[in-house]
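Visitor: Contents of upload27.cif (mmCIF, C-alpha atoms and all ligand atoms) are below:
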```cif
data_data
loop_
_atom_site.label_atom_id
_atom_site.label_comp_id
_atom_site.auth_asym_id
_atom_site.auth_seq_id
_atom_site.Cartn_x
_atom_site.Cartn_y
_atom_site.Cartn_z
CA MET A 154 -3.20 -4.53 19.41
CA GLY A 155 -3.87 -0.94 20.43
CA HIS A 156 -1.51 1.82 21.46
CA SER A 157 -2.46 3.90 24.46
CA ALA A 158 -0.19 6.95 24.44
CA ASN A 159 -1.32 9.24 21.68
CA GLY A 160 -0.51 12.88 21.28
CA ASN A 161 -3.45 14.98 22.36
CA GLY A 162 -5.26 12.18 24.19
CA SER A 163 -9.03 12.23 23.78
CA GLY A 164 -9.38 15.63 22.02
CA PRO A 165 -10.38 16.07 18.36
CA LEU A 166 -8.44 14.21 15.69
CA LYS A 167 -5.64 15.97 13.84
CA PHE A 168 -3.78 13.96 11.22
CA LEU A 169 -0.31 14.73 9.91
CA ILE A 170 0.14 13.06 6.51
CA TYR A 171 3.37 12.52 4.57
CA GLY A 172 3.10 11.97 0.81
CA ARG A 173 1.10 15.04 -0.33
CA THR A 174 2.06 14.65 -3.99
CA GLY A 175 1.73 10.86 -3.99
CA TRP A 176 -1.12 8.59 -4.99
CA ILE A 177 -2.04 7.18 -1.56
CA GLY A 178 -1.23 10.45 0.27
CA GLY A 179 -3.45 12.40 -2.12
CA LEU A 180 -6.36 10.00 -1.63
CA LEU A 181 -5.96 10.13 2.16
CA GLY A 182 -6.39 13.91 2.16
CA LYS A 183 -9.58 13.61 0.11
CA ILE A 184 -11.00 11.01 2.51
CA CYS A 185 -10.19 13.21 5.51
CA GLU A 186 -12.00 16.10 3.80
CA SER A 187 -15.06 13.98 3.09
CA GLN A 188 -15.10 12.76 6.70
CA GLY A 189 -14.52 16.24 8.15
CA ILE A 190 -11.22 15.19 9.76
CA ASP A 191 -8.69 17.97 10.36
CA TYR A 192 -5.44 17.11 8.57
CA THR A 193 -2.25 18.75 7.32
CA TYR A 194 0.41 17.46 4.98
CA GLY A 195 3.92 17.31 6.38
CA SER A 196 6.46 19.52 4.65
CA GLY A 197 9.55 17.78 6.07
CA ARG A 198 11.63 15.19 4.26
CA LEU A 199 11.56 11.80 5.96
CA GLU A 200 15.34 11.48 6.29
CA ASN A 201 15.62 14.89 7.96
CA ARG A 202 14.78 14.36 11.64
CA THR A 203 14.68 18.06 12.52
CA SER A 204 12.19 18.79 9.73
CA LEU A 205 9.88 16.06 11.09
CA GLU A 206 10.19 17.35 14.65
CA ASN A 207 9.34 20.84 13.40
CA ASP A 208 6.23 19.54 11.58
CA ILE A 209 5.04 17.80 14.75
CA ALA A 210 5.75 20.83 16.93
CA THR A 211 3.79 23.11 14.59
CA ILE A 212 0.91 20.82 13.66
CA LYS A 213 0.48 19.00 17.00
CA PRO A 214 -1.09 15.92 15.39
CA THR A 215 -2.94 13.13 17.15
CA HIS A 216 -1.78 10.61 14.51
CA VAL A 217 0.86 10.49 11.78
CA PHE A 218 0.30 8.77 8.42
CA ASN A 219 3.30 7.80 6.33
CA ALA A 220 2.33 7.51 2.66
CA ALA A 221 5.75 8.79 1.59
CA GLY A 222 8.23 6.47 0.00
CA VAL A 223 10.05 5.88 -3.23
CA THR A 224 8.34 3.41 -5.49
CA GLY A 225 10.37 4.15 -8.63
CA ARG A 226 9.33 5.69 -11.92
CA PRO A 227 8.12 4.29 -14.22
CA ASN A 228 8.27 1.28 -11.87
CA VAL A 229 10.29 -0.40 -9.11
CA ASP A 230 13.09 -1.26 -11.56
CA TRP A 231 14.27 2.33 -10.91
CA CYS A 232 15.32 1.24 -7.40
CA GLU A 233 17.83 -1.26 -8.84
CA SER A 234 19.92 1.61 -10.20
CA HIS A 235 19.15 4.11 -7.38
CA LYS A 236 19.95 2.08 -4.28
CA VAL A 237 21.14 4.92 -2.06
CA GLU A 238 18.09 7.07 -2.89
CA THR A 239 15.88 4.07 -2.12
CA ILE A 240 17.62 3.49 1.22
CA ARG A 241 17.48 7.21 2.09
CA THR A 242 13.71 7.44 1.97
CA ASN A 243 12.43 3.91 2.46
CA VAL A 244 14.88 2.84 5.17
CA VAL A 245 16.51 5.86 6.85
CA GLY A 246 13.44 8.07 6.32
CA THR A 247 10.77 5.62 7.43
CA LEU A 248 12.76 4.62 10.51
CA THR A 249 13.42 8.26 11.39
CA LEU A 250 9.71 9.12 11.23
CA ALA A 251 8.82 6.06 13.33
CA ASP A 252 11.44 7.02 15.88
CA VAL A 253 10.33 10.66 16.09
CA CYS A 254 6.68 9.57 16.47
CA ARG A 255 7.67 7.16 19.23
CA ASP A 256 9.50 9.97 21.05
CA LYS A 257 6.35 12.09 20.87
CA GLY A 258 3.98 9.26 21.87
CA LEU A 259 2.29 9.19 18.46
CA VAL A 260 0.90 6.28 16.48
CA MET A 261 2.31 6.13 12.95
CA ILE A 262 0.20 4.46 10.30
CA ASN A 263 2.72 3.21 7.75
CA TYR A 264 1.69 2.26 4.21
CA ALA A 265 4.12 -0.59 3.62
CA THR A 266 4.06 -3.42 1.10
CA GLY A 267 3.07 -7.06 0.90
CA CYS A 268 5.46 -7.51 -2.05
CA ILE A 269 7.92 -9.14 0.33
CA PHE A 270 6.47 -12.64 -0.12
CA GLU A 271 6.29 -15.09 -3.00
CA TYR A 272 4.48 -18.39 -3.34
CA ASP A 273 6.55 -21.24 -1.87
CA ASP A 274 6.22 -24.89 -0.88
CA LYS A 275 4.30 -24.04 2.30
CA HIS A 276 2.12 -21.46 0.51
CA PRO A 277 1.64 -22.89 -2.99
CA LEU A 278 -0.22 -21.00 -5.70
CA GLY A 279 -3.90 -21.96 -5.69
CA SER A 280 -3.78 -23.57 -2.24
CA GLY A 281 -5.67 -20.82 -0.40
CA ILE A 282 -2.89 -20.84 2.22
CA GLY A 283 -1.84 -17.24 2.55
CA PHE A 284 1.13 -15.62 4.25
CA LYS A 285 0.30 -14.50 7.78
CA GLU A 286 1.32 -11.31 9.55
CA GLU A 287 3.97 -13.13 11.58
CA ASP A 288 5.57 -14.89 8.59
CA THR A 289 9.11 -13.92 7.67
CA PRO A 290 9.44 -12.29 4.22
CA ASN A 291 10.79 -14.69 1.59
CA PHE A 292 10.98 -12.38 -1.44
CA THR A 293 14.01 -10.17 -1.86
CA GLY A 294 14.22 -10.43 -5.65
CA SER A 295 13.96 -6.67 -6.17
CA TYR A 296 15.92 -4.05 -4.27
CA TYR A 297 12.67 -2.22 -3.47
CA SER A 298 11.22 -5.34 -1.79
CA LYS A 299 14.49 -6.16 -0.07
CA THR A 300 14.64 -2.76 1.66
CA LYS A 301 10.93 -2.86 2.52
CA ALA A 302 11.42 -6.27 4.18
CA MET A 303 14.40 -4.98 6.18
CA VAL A 304 12.44 -1.98 7.42
CA GLU A 305 9.40 -4.05 8.33
CA ASP A 306 11.61 -6.25 10.50
CA LEU A 307 13.11 -3.22 12.28
CA LEU A 308 9.73 -1.49 12.69
CA LYS A 309 8.40 -4.53 14.58
CA ASN A 310 10.30 -3.14 17.56
CA TYR A 311 8.34 0.12 17.48
CA GLU A 312 5.20 -0.40 19.51
CA ASN A 313 3.72 2.82 18.11
CA VAL A 314 3.78 1.69 14.46
CA CYS A 315 0.91 0.21 12.47
CA THR A 316 2.38 -1.49 9.39
CA LEU A 317 -0.10 -1.94 6.56
CA ARG A 318 1.04 -4.39 3.89
CA VAL A 319 -0.49 -2.93 0.72
CA ARG A 320 -0.35 -4.97 -2.53
CA MET A 321 -0.98 -4.12 -6.16
CA PRO A 322 -3.19 -1.16 -5.24
CA ILE A 323 -6.31 -0.53 -7.28
CA SER A 324 -8.58 2.52 -7.19
CA SER A 325 -11.78 3.54 -8.96
CA ASP A 326 -9.79 6.05 -11.03
CA LEU A 327 -9.12 4.00 -14.14
CA ASN A 328 -7.25 6.92 -15.75
CA ASN A 329 -4.47 6.78 -13.16
CA PRO A 330 -1.44 5.06 -14.69
CA ARG A 331 -0.42 3.78 -11.20
CA ASN A 332 -3.67 1.83 -10.86
CA PHE A 333 -2.91 -1.90 -11.25
CA ILE A 334 -5.90 -2.34 -13.59
CA THR A 335 -4.82 0.57 -15.79
CA LYS A 336 -1.26 -0.76 -15.84
CA ILE A 337 -2.16 -4.26 -16.96
CA ALA A 338 -4.79 -3.04 -19.44
CA ARG A 339 -2.06 -0.98 -21.16
CA TYR A 340 0.68 -3.63 -21.22
CA GLU A 341 1.40 -5.32 -24.51
CA LYS A 342 1.44 -8.70 -22.75
CA VAL A 343 0.53 -9.73 -19.20
CA VAL A 344 1.26 -12.71 -16.99
CA ASN A 345 -1.72 -14.48 -15.45
CA ILE A 346 -1.17 -15.23 -11.77
CA PRO A 347 -3.59 -15.04 -8.82
CA ASN A 348 -2.57 -12.41 -6.27
CA SER A 349 -3.84 -10.62 -3.19
CA MET A 350 -4.59 -6.97 -3.91
CA THR A 351 -5.70 -3.78 -2.15
CA ILE A 352 -8.82 -1.87 -3.24
CA LEU A 353 -7.90 1.60 -2.00
CA ASP A 354 -11.48 2.95 -2.11
CA GLU A 355 -12.48 0.35 0.47
CA LEU A 356 -9.25 0.02 2.46
CA LEU A 357 -7.95 3.58 2.90
CA PRO A 358 -11.05 4.57 4.95
CA ILE A 359 -10.37 1.43 7.01
CA SER A 360 -6.82 2.66 7.69
CA ILE A 361 -8.30 5.89 9.07
CA GLU A 362 -10.56 3.83 11.31
CA MET A 363 -7.49 1.85 12.40
CA ALA A 364 -5.85 5.10 13.47
CA LYS A 365 -8.96 6.06 15.45
CA ARG A 366 -8.74 2.69 17.21
CA ASN A 367 -4.98 3.21 17.75
CA LEU A 368 -4.24 -0.19 16.21
CA THR A 369 -0.58 -1.08 15.85
CA GLY A 370 1.51 -4.04 14.69
CA ILE A 371 1.62 -5.68 11.27
CA TRP A 372 -1.53 -6.06 9.14
CA ASN A 373 -1.99 -7.73 5.77
CA PHE A 374 -3.76 -4.81 4.15
CA THR A 375 -5.40 -6.59 1.23
CA ASN A 376 -8.94 -7.70 0.46
CA PRO A 377 -9.44 -11.36 1.38
CA GLY A 378 -8.80 -13.90 -1.38
CA VAL A 379 -6.97 -13.62 -4.68
CA VAL A 380 -7.74 -12.53 -8.23
CA SER A 381 -5.74 -13.24 -11.38
CA HIS A 382 -4.70 -10.82 -14.11
CA ASN A 383 -7.05 -12.49 -16.59
CA GLU A 384 -9.99 -12.39 -14.17
CA ILE A 385 -9.49 -8.64 -13.79
CA LEU A 386 -9.17 -8.12 -17.54
CA GLU A 387 -12.31 -10.19 -18.13
CA MET A 388 -14.17 -7.86 -15.73
CA TYR A 389 -12.63 -4.89 -17.57
CA ARG A 390 -13.95 -6.25 -20.85
CA ASP A 391 -17.40 -7.00 -19.39
CA TYR A 392 -17.90 -3.67 -17.60
CA ILE A 393 -15.78 -1.15 -19.50
CA ASN A 394 -14.85 -2.12 -23.04
CA PRO A 395 -16.52 -5.08 -24.78
CA ASN A 396 -13.89 -4.94 -27.56
CA PHE A 397 -10.95 -5.21 -25.15
CA THR A 398 -8.50 -8.03 -25.87
CA TRP A 399 -5.14 -8.91 -24.37
CA LYS A 400 -2.24 -11.29 -24.76
CA ASN A 401 -0.65 -13.39 -22.05
CA PHE A 402 2.95 -14.43 -21.63
CA ASN A 403 4.73 -16.53 -19.02
CA LEU A 404 7.15 -15.57 -16.24
CA GLU A 405 10.21 -16.45 -18.36
CA GLU A 406 9.02 -14.14 -21.15
CA GLN A 407 8.13 -11.44 -18.61
CA ALA A 408 11.65 -11.64 -17.15
CA LYS A 409 13.03 -10.41 -20.48
CA VAL A 410 11.13 -7.09 -20.28
CA ILE A 411 11.71 -6.21 -16.61
CA VAL A 412 14.93 -5.69 -14.66
CA ALA A 413 14.02 -7.15 -11.26
CA PRO A 414 11.65 -10.05 -10.57
CA ARG A 415 8.19 -9.23 -9.18
CA SER A 416 6.50 -10.97 -6.26
CA ASN A 417 3.31 -12.98 -6.60
CA ASN A 418 1.54 -14.18 -3.48
CA GLU A 419 -1.59 -14.73 -1.44
CA MET A 420 -1.83 -12.94 1.90
CA ASP A 421 -3.89 -14.35 4.75
CA GLY A 422 -6.69 -11.84 5.28
CA ALA A 423 -8.13 -13.28 8.51
CA LYS A 424 -6.68 -10.72 10.94
CA LEU A 425 -8.06 -7.68 9.10
CA LYS A 426 -11.39 -9.44 8.44
CA LYS A 427 -11.75 -10.20 12.15
CA GLU A 428 -11.26 -6.51 13.02
CA PHE A 429 -13.47 -5.35 10.11
CA PRO A 430 -16.04 -8.11 9.43
CA GLU A 431 -17.69 -5.99 6.71
CA LEU A 432 -14.52 -6.19 4.55
CA LEU A 433 -15.37 -7.50 1.07
CA SER A 434 -13.49 -10.25 -0.78
CA ILE A 435 -11.23 -8.98 -3.55
CA LYS A 436 -13.66 -9.89 -6.34
CA GLU A 437 -16.69 -8.37 -4.56
CA SER A 438 -14.71 -5.22 -3.79
CA LEU A 439 -13.51 -4.88 -7.40
CA ILE A 440 -17.08 -4.97 -8.65
CA LYS A 441 -18.55 -2.69 -5.97
CA TYR A 442 -15.83 -0.04 -5.79
CA VAL A 443 -14.25 -0.09 -9.24
CA PHE A 444 -16.18 -1.72 -12.05
CA LYS A 445 -19.82 -0.81 -11.20
CA PRO A 446 -19.03 2.91 -10.68
CA ASN A 447 -17.15 2.96 -14.02
CA GLN A 448 -19.52 0.70 -15.93
CA LYS A 449 -19.86 1.59 -19.62
CA THR A 450 -21.55 -1.57 -20.90
CA THR A 451 -24.99 -3.06 -20.37
CA ALA A 452 -23.72 -6.63 -20.64
CA ALA A 453 -22.34 -7.29 -17.14
N1 LIG B 501 1.82 2.13 -5.59
C1 LIG B 501 2.12 0.88 -5.31
O1 LIG B 501 2.10 -0.01 -6.20
C2 LIG B 501 2.38 0.45 -3.88
C3 LIG B 501 2.21 -0.88 -3.55
C4 LIG B 501 2.45 -1.28 -2.26
C5 LIG B 501 2.92 -0.35 -1.34
N2 LIG B 501 3.10 0.96 -1.70
C6 LIG B 501 3.70 1.85 -0.72
O2 LIG B 501 2.83 2.89 -0.32
C7 LIG B 501 3.55 4.11 -0.12
C8 LIG B 501 2.90 5.20 -0.95
O3 LIG B 501 2.84 4.77 -2.30
P1 LIG B 501 2.33 5.70 -3.50
O4 LIG B 501 2.03 4.79 -4.62
O5 LIG B 501 1.30 6.66 -3.02
O6 LIG B 501 3.68 6.47 -3.84
P2 LIG B 501 3.93 7.71 -4.80
O7 LIG B 501 2.72 8.06 -5.59
O8 LIG B 501 5.19 7.41 -5.53
O9 LIG B 501 4.19 8.92 -3.80
C9 LIG B 501 5.27 8.92 -2.95
C10 LIG B 501 5.21 10.17 -2.09
O10 LIG B 501 6.32 10.09 -1.20
C11 LIG B 501 6.94 11.37 -1.18
N3 LIG B 501 8.34 11.21 -0.83
C12 LIG B 501 9.29 10.47 -1.46
N4 LIG B 501 10.45 10.55 -0.81
C13 LIG B 501 10.24 11.34 0.26
C14 LIG B 501 11.06 11.80 1.32
N5 LIG B 501 12.33 11.43 1.41
N6 LIG B 501 10.49 12.60 2.25
C15 LIG B 501 9.20 12.98 2.19
N7 LIG B 501 8.38 12.58 1.20
C16 LIG B 501 8.90 11.78 0.26
C17 LIG B 501 6.76 11.93 -2.55
O11 LIG B 501 6.91 13.32 -2.51
P3 LIG B 501 7.92 14.09 -3.48
O12 LIG B 501 7.29 14.02 -4.83
O13 LIG B 501 7.97 15.46 -2.90
O14 LIG B 501 9.23 13.34 -3.40
C18 LIG B 501 5.32 11.48 -2.84
O15 LIG B 501 4.42 12.41 -2.28
C19 LIG B 501 5.01 3.82 -0.51
O16 LIG B 501 5.81 3.59 0.62
C20 LIG B 501 4.91 2.55 -1.32
O17 LIG B 501 6.08 1.78 -1.20
C21 LIG B 501 2.82 1.39 -2.94
#
```
Could you take the file, read its structure, and then write that structure out as structure tokens?
Ligand SMILES: NC(=O)c1ccc[n+]([C@@H]2O[C@H](COP(=O)([O-])OP(=O)(O)OC[C@H]3O[C@@H](n4cnc5c(N)ncnc54)[C@H](OP(=O)(O)O)[C@@H]3O)[C@@H](O)[C@H]2O)c1
Guide:
Amino acid sequence: MGHSANGNGSGPLKFLIYGRTGWIGGLLGKICESQGIDYTYGSGRLENRTSLENDIATIKPTHVFNAAGVTGRPNVDWCESHKVETIRTNVVGTLTLADVCRDKGLVMINYATGCIFEYDDKHPLGSGIGFKEEDTPNFTGSYYSKTKAMVEDLLKNYENVCTLRVRMPISSDLNNPRNFITKIARYEKVVNIPNSMTILDELLPISIEMAKRNLTGIWNFTNPGVVSHNEILEMYRDYINPNFTWKNFNLEEQAKVIVAPRSNNEMDGAKLKKEFPELLSIKESLIKYVFKPNQKTTAA
């Protein structure tokens, strides 16, 4: 699905990015620099319509990227006790930006989440049957996910929005505490469940290409296939630290150390793969973009 009306038409690209201080927003700026794409970070707050209109009037972007959102610190459990703040940015803010962009004829690339699904009878763990773009979210166990699912449903009505369902993002920066690999390597105990995940080093450049193609609609924005916690930690041991060990625990034990349940799922990657046939499977992408560039052992 492509969107025709777009800001400056066929002139040079100019990206307006929200989320300057954030993980994904920061990486997007670096990619634009490396690709020689003109970009500016938005200074407005998402829930303040006038500030967004001012940004657009000043910057005159061809595309808007929304990598702003509250994810909670140290984790999404924060949202359970900060519901209004979560609604303000993730619901009111995201919808306001989408609405302003629509008014101005601009495509908005929205970094959303795939943590709105959990394995169920029709998509059992290990079956290889993933959730498709058109499936209705079935995971509202955390307030963060609940609001993200609500917004996704509303954003479906905005023909200018490209919703990218990111999951358990991973980057080649293994020192970043937000990186899923770094997180699980530092936990005292980890569950072991196969999941779909997003390798940012491979997928964020693809999101820029999606903007260039003016793609809109919902996209499962994960590498095809699944990988489990233990499979990742085995790679970590083989490529990074041969002495690395870890302990597993089950979901019931995990529930005692977190406030809100977490989603585990497989996303169907066929739509993105069809648009970008070069897209690597999750395990290939982990090795190419994360473990090989960081390799410290000779064993693997
Ligand atoms: N990291 C994950 O595990 C993950 C997984 C799936 C999806 N996502 C989604 O991807 C998006 C980006 O994630 P991230 O990990 O890069 O987040 P992040 O590191 O927490 O950064 C969030 C960014 O949003 C900005 N922000 C927050 N509230 C704002 C508001 N009301 N107006 C304008 N800017 C605001 C923050 O700026 P200030 O510091 O100025 O507030 C910050 O720059 C989020 O929507 C998130 O839900 C993330």
Visitor: Residues within 9 Å of ligand LIG 501 (chain B) should be enumerated using all atoms listed in the file and returned as a compact mmCIF listing (two decimals) with C-alpha atoms, in the coordinates of the input.
Guide:
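Dumped to result24.txt:
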```txt
# COMPACT_ATOMS: atom_id res chain seq x y z
CA TYR A 171 3.37 12.52 4.57
CA GLY A 172 3.10 11.97 0.81
CA ARG A 173 1.10 15.04 -0.33
CA THR A 174 2.06 14.65 -3.99
CA GLY A 175 1.73 10.86 -3.99
CA TRP A 176 -1.12 8.59 -4.99
CA ILE A 177 -2.04 7.18 -1.56
CA GLY A 178 -1.23 10.45 0.27
CA GLY A 179 -3.45 12.40 -2.12
CA LEU A 180 -6.36 10.00 -1.63
CA GLY A 195 3.92 17.31 6.38
CA SER A 196 6.46 19.52 4.65
CA GLY A 197 9.55 17.78 6.07
CA ARG A 198 11.63 15.19 4.26
CA LEU A 199 11.56 11.80 5.96
CA GLU A 200 15.34 11.48 6.29
CA ASN A 201 15.62 14.89 7.96
CA ASN A 219 3.30 7.80 6.33
CA ALA A 220 2.33 7.51 2.66
CA ALA A 221 5.75 8.79 1.59
CA GLY A 222 8.23 6.47 0.00
CA VAL A 223 10.05 5.88 -3.23
CA THR A 224 8.34 3.41 -5.49
CA GLY A 225 10.37 4.15 -8.63
CA ARG A 226 9.33 5.69 -11.92
CA ASN A 228 8.27 1.28 -11.87
CA VAL A 229 10.29 -0.40 -9.11
CA GLU A 238 18.09 7.07 -2.89
CA THR A 239 15.88 4.07 -2.12
CA ARG A 241 17.48 7.21 2.09
CA THR A 242 13.71 7.44 1.97
CA ASN A 243 12.43 3.91 2.46
CA VAL A 245 16.51 5.86 6.85
CA GLY A 246 13.44 8.07 6.32
CA THR A 247 10.77 5.62 7.43
CA ASN A 263 2.72 3.21 7.75
CA TYR A 264 1.69 2.26 4.21
CA ALA A 265 4.12 -0.59 3.62
CA THR A 266 4.06 -3.42 1.10
CA GLY A 267 3.07 -7.06 0.90
CA CYS A 268 5.46 -7.51 -2.05
CA TYR A 297 12.67 -2.22 -3.47
CA SER A 298 11.22 -5.34 -1.79
CA LYS A 301 10.93 -2.86 2.52
CA LEU A 317 -0.10 -1.94 6.56
CA ARG A 318 1.04 -4.39 3.89
CA VAL A 319 -0.49 -2.93 0.72
CA ARG A 320 -0.35 -4.97 -2.53
CA MET A 321 -0.98 -4.12 -6.16
CA PRO A 322 -3.19 -1.16 -5.24
CA ILE A 323 -6.31 -0.53 -7.28
CA ARG A 331 -0.42 3.78 -11.20
CA ASN A 332 -3.67 1.83 -10.86
CA PHE A 333 -2.91 -1.90 -11.25
CA THR A 351 -5.70 -3.78 -2.15
```
Visitor: What does the distance from CA of Leu353 in chain A to CA of Cys185 in chain A come to in Å, to one decimal?
Guide: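 Result for CA of Leu353 in chain A versus CA of Cys185 in chain A: 14.0 Å, one decimal.
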Visitor: Nearest to Gly370 in chain A: which of A:Lys400, A:Lys309, A:His382, A:Lys409 is it, counting all atoms listed in the file?
Guide: A:Lys309
Visitor: Excluding Pro290 in chain A and any residue of its chain fewer than 6 positions from it, enumerate the residues within 9 Å of it, using only C-alpha atoms, and give them as a JSON list (two decimals) with C-alpha atoms, keeping the file's coordinate frame.
Guide:
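Final file, out_34.json:
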```json
[["chain", "number", "residue", "atom", "x", "y", "z"],
["A", 267, "GLY", "CA", 3.07, -7.06, 0.90],
["A", 268, "CYS", "CA", 5.46, -7.51, -2.05],
["A", 269, "ILE", "CA", 7.92, -9.14, 0.33],
["A", 270, "PHE", "CA", 6.47, -12.64, -0.12],
["A", 271, "GLU", "CA", 6.29, -15.09, -3.00],
["A", 284, "PHE", "CA", 1.13, -15.62, 4.25],
["A", 302, "ALA", "CA", 11.42, -6.27, 4.18],
["A", 306, "ASP", "CA", 11.61, -6.25, 10.50]]
```
Visitor: Have a look at A:Gly279, A:Gly258, A:Pro347, A:Gly182 and name the one nearest to His216 in chain A; count all atoms listed in the file.
Guide: A:Gly258
Visitor: Smallest atom-to-atom distance to Asn417 in chain A: which of A:Leu259, A:Leu357, A:Val344, A:Leu439, using only C-alpha atoms?
Guide: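 Smallest distance to Asn417 in chain A is found for A:Val344.
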Visitor: Write out as a VMD selection string each polymer residue whose atoms come within 10 Å of Thr450 in chain A, counting all atoms listed in the file; drop sequence neighbours fewer than 4 positions from it.
Guide: chain A and resid 390 to 395 445
